[in-house]
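Q: File follows, structure_2.pdb with PDB, C-alpha atoms and all ligand atoms:
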MODEL        1
ATOM      1  CA  MET A   1      16.105   4.853   2.729  1.00  0.00           C
ATOM      2  CA  ASP A   2      17.313   5.367   6.263  1.00  0.00           C
ATOM      3  CA  PHE A   3      14.937   6.129   9.086  1.00  0.00           C
ATOM      4  CA  ASP A   4      15.715   9.871   9.271  1.00  0.00           C
ATOM      5  CA  LYS A   5      15.052  10.331   5.558  1.00  0.00           C
ATOM      6  CA  ALA A   6      11.879   8.264   5.827  1.00  0.00           C
ATOM      7  CA  LYS A   7      10.746  10.327   8.809  1.00  0.00           C
ATOM      8  CA  ASN A   8      11.403  13.557   6.923  1.00  0.00           C
ATOM      9  CA  SER A   9       9.559  12.174   3.919  1.00  0.00           C
ATOM     10  CA  LEU A  10       6.409  11.933   5.989  1.00  0.00           C
ATOM     11  CA  PHE A  11       6.088  15.666   5.454  1.00  0.00           C
ATOM     12  CA  GLN A  12       5.511  14.881   1.757  1.00  0.00           C
ATOM     13  CA  ILE A  13       2.276  13.045   2.493  1.00  0.00           C
ATOM     14  CA  PRO A  14      -0.588  14.825   0.781  1.00  0.00           C
ATOM     15  CA  GLU A  15      -2.151  17.364   3.134  1.00  0.00           C
ATOM     16  CA  ILE A  16      -5.709  17.195   1.855  1.00  0.00           C
ATOM     17  CA  CYS A  17      -7.957  14.257   1.098  1.00  0.00           C
ATOM     18  CA  PRO A  18      -8.699  14.382  -2.654  1.00  0.00           C
ATOM     19  CA  VAL A  19     -12.235  13.064  -2.057  1.00  0.00           C
ATOM     20  CA  CYS A  20     -13.651  15.192   0.797  1.00  0.00           C
ATOM     21  CA  SER A  21     -10.998  17.964   1.074  1.00  0.00           C
ATOM     22  CA  HIS A  22     -10.486  17.483   4.821  1.00  0.00           C
ATOM     23  CA  LYS A  23      -6.937  17.449   6.199  1.00  0.00           C
ATOM     24  CA  PHE A  24      -5.283  14.054   6.617  1.00  0.00           C
ATOM     25  CA  ASN A  25      -4.165  13.161  10.124  1.00  0.00           C
ATOM     26  CA  LYS A  26      -0.522  12.393   9.339  1.00  0.00           C
ATOM     27  CA  ALA A  27      -0.136  10.560  12.635  1.00  0.00           C
ATOM     28  CA  GLU A  28      -2.345   7.872  11.074  1.00  0.00           C
ATOM     29  CA  ALA A  29       0.091   7.287   8.190  1.00  0.00           C
ATOM     30  CA  SER A  30       2.033   4.057   8.223  1.00  0.00           C
ATOM     31  CA  ILE A  31       5.065   3.052   6.196  1.00  0.00           C
ATOM     32  CA  ILE A  32       4.181  -0.147   4.368  1.00  0.00           C
ATOM     33  CA  GLY A  33       7.257  -0.448   2.190  1.00  0.00           C
ATOM     34  CA  ASN A  34      10.807   0.795   2.118  1.00  0.00           C
ATOM     35  CA  LYS A  35      13.346   0.119  -0.605  1.00  0.00           C
ATOM     36  CA  GLY A  36      16.330   2.149  -1.712  1.00  0.00           C
ATOM     37  CA  ASN A  37      15.385   5.805  -1.697  1.00  0.00           C
ATOM     38  CA  SER A  38      11.659   5.150  -1.772  1.00  0.00           C
ATOM     39  CA  ILE A  39       9.039   4.560   0.854  1.00  0.00           C
ATOM     40  CA  VAL A  40       5.417   3.561   0.414  1.00  0.00           C
ATOM     41  CA  ILE A  41       2.933   5.062   2.819  1.00  0.00           C
ATOM     42  CA  HIS A  42      -0.688   4.183   3.556  1.00  0.00           C
ATOM     43  CA  ILE A  43      -3.048   6.762   5.014  1.00  0.00           C
ATOM     44  CA  THR A  44      -6.792   6.778   5.589  1.00  0.00           C
ATOM     45  CA  CYS A  45      -8.959   9.887   5.739  1.00  0.00           C
ATOM     46  CA  GLN A  46     -10.662  10.012   9.118  1.00  0.00           C
ATOM     47  CA  TYR A  47     -13.642  11.898   7.652  1.00  0.00           C
ATOM     48  CA  CYS A  48     -14.679   9.981   4.529  1.00  0.00           C
ATOM     49  CA  GLY A  49     -12.728   6.745   5.076  1.00  0.00           C
ATOM     50  CA  VAL A  50     -10.971   6.730   1.705  1.00  0.00           C
ATOM     51  CA  SER A  51      -7.444   5.345   1.789  1.00  0.00           C
ATOM     52  CA  MET A  52      -4.455   6.445  -0.202  1.00  0.00           C
ATOM     53  CA  ILE A  53      -1.166   4.746  -0.968  1.00  0.00           C
ATOM     54  CA  SER A  54       1.705   7.089  -1.799  1.00  0.00           C
ATOM     55  CA  ASN A  55       5.133   6.264  -3.118  1.00  0.00           C
ATOM     56  CA  ILE A  56       7.649   8.871  -1.995  1.00  0.00           C
ATOM     57  CA  SER A  57      11.043   8.841  -3.702  1.00  0.00           C
ATOM     58  CA  LEU A  58      14.063  10.908  -2.813  1.00  0.00           C
ATOM     59  CA  SER A  59      16.646  11.793  -5.426  1.00  0.00           C
ATOM     60  CA  ASP A  60      19.314  14.424  -6.016  1.00  0.00           C
ATOM     61  CA  SER A  61      16.730  16.534  -7.828  1.00  0.00           C
ATOM     62  CA  GLY A  62      14.187  16.417  -5.004  1.00  0.00           C
ATOM     63  CA  VAL A  63      11.244  14.482  -3.671  1.00  0.00           C
ATOM     64  CA  MET A  64       8.634  12.904  -5.930  1.00  0.00           C
ATOM     65  CA  THR A  65       5.295  11.726  -4.558  1.00  0.00           C
ATOM     66  CA  VAL A  66       2.814   9.612  -6.478  1.00  0.00           C
ATOM     67  CA  GLY A  67      -0.421   8.613  -4.791  1.00  0.00           C
ATOM     68  CA  ILE A  68      -3.383   6.434  -5.668  1.00  0.00           C
ATOM     69  CA  LEU A  69      -6.738   6.031  -3.981  1.00  0.00           C
ATOM     70  CA  THR A  70      -7.544   2.549  -2.751  1.00  0.00           C
ATOM     71  CA  ASP A  71     -10.213   0.670  -0.884  1.00  0.00           C
ATOM     72  CA  LEU A  72      -7.464  -1.233   0.911  1.00  0.00           C
ATOM     73  CA  GLY A  73      -7.873  -0.351   4.579  1.00  0.00           C
ATOM     74  CA  LYS A  74      -5.335  -0.669   7.377  1.00  0.00           C
ATOM     75  CA  ARG A  75      -6.940  -3.941   8.491  1.00  0.00           C
ATOM     76  CA  ASP A  76      -6.551  -5.338   4.953  1.00  0.00           C
ATOM     77  CA  LEU A  77      -2.900  -4.292   4.931  1.00  0.00           C
ATOM     78  CA  ASP A  78      -2.223  -5.993   8.253  1.00  0.00           C
ATOM     79  CA  MET A  79      -3.864  -9.164   6.927  1.00  0.00           C
ATOM     80  CA  LEU A  80      -1.799  -9.104   3.713  1.00  0.00           C
ATOM     81  CA  ARG A  81       1.421  -8.456   5.612  1.00  0.00           C
ATOM     82  CA  SER A  82       0.851 -11.424   7.889  1.00  0.00           C
ATOM     83  CA  ARG A  83       0.586 -13.820   4.941  1.00  0.00           C
ATOM     84  CA  SER A  84       3.590 -15.644   3.620  1.00  0.00           C
ATOM     85  CA  PRO A  85       4.785 -14.802   0.097  1.00  0.00           C
ATOM     86  CA  ILE A  86       3.390 -16.790  -2.831  1.00  0.00           C
ATOM     87  CA  SER A  87       5.730 -19.692  -3.517  1.00  0.00           C
ATOM     88  CA  VAL A  88       6.464 -21.598  -6.700  1.00  0.00           C
ATOM     89  CA  ASP A  89       4.589 -24.555  -5.182  1.00  0.00           C
ATOM     90  CA  ASP A  90       1.508 -22.314  -4.734  1.00  0.00           C
ATOM     91  CA  ILE A  91       1.601 -21.369  -8.430  1.00  0.00           C
ATOM     92  CA  ILE A  92       2.004 -24.994  -9.507  1.00  0.00           C
ATOM     93  CA  GLU A  93      -0.884 -26.022  -7.247  1.00  0.00           C
ATOM     94  CA  ILE A  94      -3.164 -23.338  -8.750  1.00  0.00           C
ATOM     95  CA  HIS A  95      -2.079 -24.279 -12.274  1.00  0.00           C
ATOM     96  CA  GLU A  96      -2.892 -27.936 -11.629  1.00  0.00           C
ATOM     97  CA  TYR A  97      -6.236 -26.989 -10.072  1.00  0.00           C
ATOM     98  CA  ILE A  98      -7.247 -24.848 -13.058  1.00  0.00           C
ATOM     99  CA  GLU A  99      -6.076 -27.526 -15.473  1.00  0.00           C
ATOM    100  CA  LYS A 100      -8.201 -30.106 -13.643  1.00  0.00           C
ATOM    101  CA  LYS A 101     -11.314 -27.922 -13.180  1.00  0.00           C
ATOM    102  CA  GLY A 102     -11.038 -25.868 -16.390  1.00  0.00           C
ATOM    103  CA  SER A 103     -11.484 -22.564 -14.520  1.00  0.00           C
ATOM    104  CA  ILE A 104     -11.370 -21.059 -11.067  1.00  0.00           C
ATOM    105  CA  LYS A 105     -14.023 -19.059  -9.260  1.00  0.00           C
ATOM    106  CA  ILE A 106     -13.081 -16.372  -6.779  1.00  0.00           C
ATOM    107  CA  ASN A 107     -14.242 -17.291  -3.254  1.00  0.00           C
ATOM    108  CA  GLU A 108     -14.729 -20.903  -4.336  1.00  0.00           C
ATOM    109  CA  LYS A 109     -14.527 -23.283  -1.382  1.00  0.00           C
TER     110      LYS A 109
HETATM  111 ZN    ZN A 201     -11.699  12.293   2.945  1.00  0.00          ZN
ENDMDL
END
Would you write out, as structure tokens, the structure that this file holds?
Ligand SMILES: [Zn+2]

A:
Amino acid sequence: MDFDKAKNSLFQIPEICPVCSHKFNKAEASIIGNKGNSIVIHITCQYCGVSMISNISLSDSGVMTVGILTDLGKRDLDMLRSRSPISVDDIIEIHEYIEKKGSIKINEK
């Protein structure tokens, strides 16, 4: 999706927070993904703090928006974006670890 289409798609961001019914501040929306004719937008309600991720797709028949609520905040997104992608070596390392330990605990150090 080119920048002009993406910019115009910002108008498809949901107007109202589905949790508290206040208006979203669209200036707070950020594009977190962009592929083909689709963009993925993250927005956080400034009143209740709930975040929403919306996939906006453009096609010949119009614009389709699908959104989900998430507890993933902007800070979490920035942290995830700064990480390198999971490599094959990472998967092998985890597999070997689980095989050796028998299981894995989240937050295990
Ligand atoms: Zn809200």

Q: Residues up to 12 Å from ligand ZN 201 (chain A), counting only C-alpha atoms and all ligand atoms: could you list those as number ranges by chain?

A: A: 14-25, 43-52, 69

Q: Return the single residue from A:Val40, A:Val66, A:Ile32, A:Ala27 that is closest to Leu80 in chain A, with distances computed using all atoms listed in the file.

A: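 Among the listed residues, A:Ile32 lies closest to Leu80 in chain A.
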
Q: Identify which of the residues A:Leu58, A:Ile104, A:Val63, A:Leu72 lies closest to Ser38 in chain A, counting all atoms listed in the file when measuring atom-to-atom distances.

A: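 Of A:Leu58, A:Ile104, A:Val63, A:Leu72, the one nearest Ser38 in chain A is A:Leu58, counting all atoms listed in the file.
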
Q: Once the PyMOL selection byres (((chain A and resi 57) around 10) and not hetatm) has been applied to the shown file, what residues remain in the selection, as a list in words?

A: Met1, Ala6, Ser9, Gln12, Asn34, Lys35, Gly36, Asn37, Ser38, Ile39, Val40, Ser54, Asn55, Ile56, Leu58, Ser59, Gly62, Val63, Met64, Thr65 and Val66 of chain A

Q: What separation in Å, quoted to one decimal, exists between CA of Lys74 in chain A and CA of His42 in chain A?

A: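 One can read the CA of Lys74 in chain A to CA of His42 in chain A distance as 7.7 Å.
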
Q: As an exercise, work out the distance from CA of Ser82 in chain A to CA of Glu96 in chain A in Å and give it to one decimal place.

A: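 CA of Ser82 in chain A sits 25.8 Å away from CA of Glu96 in chain A.
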
Q: What residues come out when you apply the PyMOL selection byres (((chain A and resi 30) around 6) and not hetatm) to this file, written as a ChimeraX atom specification?

A: /A:29,31,41-42

Q: For CA of Arg81 in chain A and CA of Glu28 in chain A, determine how far apart the two atoms are, in Å to one decimal place.

A: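 Between CA of Arg81 in chain A and CA of Glu28 in chain A the gap works out to 17.6 Å.
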
Q: Between A:Gly33, A:Ile94, A:Asp89, A:Gly102, which has the minimum distance to Leu77 in chain A (counting all atoms listed in the file)?

A: A:Gly33

Q: Model the absent atoms of range 22-34 of chain A so that N, CA and C atoms are present, and write the result as a short mmCIF file (atom, residue, chain, number, x, y, z; two decimals), in the frame of the given file.

A:
data_model
loop_
_atom_site.label_atom_id
_atom_site.label_comp_id
_atom_site.auth_asym_id
_atom_site.auth_seq_id
_atom_site.Cartn_x
_atom_site.Cartn_y
_atom_site.Cartn_z
N HIS A 22 -10.91 17.29 3.44
CA HIS A 22 -10.49 17.48 4.82
C HIS A 22 -8.99 17.19 4.92
N LYS A 23 -8.36 17.70 5.99
CA LYS A 23 -6.94 17.45 6.20
C LYS A 23 -6.73 16.02 6.68
N PHE A 24 -5.68 15.37 6.12
CA PHE A 24 -5.28 14.05 6.62
C PHE A 24 -4.66 14.21 8.00
N ASN A 25 -4.87 13.23 8.86
CA ASN A 25 -4.16 13.16 10.12
C ASN A 25 -2.89 12.36 9.87
N LYS A 26 -1.77 13.06 9.72
CA LYS A 26 -0.52 12.39 9.34
C LYS A 26 -0.04 11.39 10.38
N ALA A 27 -0.51 11.53 11.61
CA ALA A 27 -0.14 10.56 12.64
C ALA A 27 -0.70 9.18 12.32
N GLU A 28 -1.72 9.14 11.46
CA GLU A 28 -2.35 7.87 11.07
C GLU A 28 -1.60 7.19 9.93
N ALA A 29 -0.64 7.87 9.32
CA ALA A 29 0.09 7.29 8.19
C ALA A 29 1.01 6.17 8.68
N SER A 30 1.10 5.13 7.88
CA SER A 30 2.03 4.06 8.22
C SER A 30 2.88 3.72 7.01
N ILE A 31 4.14 3.44 7.26
CA ILE A 31 5.07 3.05 6.20
C ILE A 31 4.85 1.57 5.93
N ILE A 32 4.46 1.25 4.70
CA ILE A 32 4.18 -0.15 4.37
C ILE A 32 5.25 -0.76 3.48
N GLY A 33 6.17 0.06 3.00
CA GLY A 33 7.26 -0.45 2.19
C GLY A 33 8.41 0.51 2.23
N ASN A 34 9.60 -0.03 2.03
CA ASN A 34 10.81 0.80 2.12
C ASN A 34 11.89 0.10 1.32
#
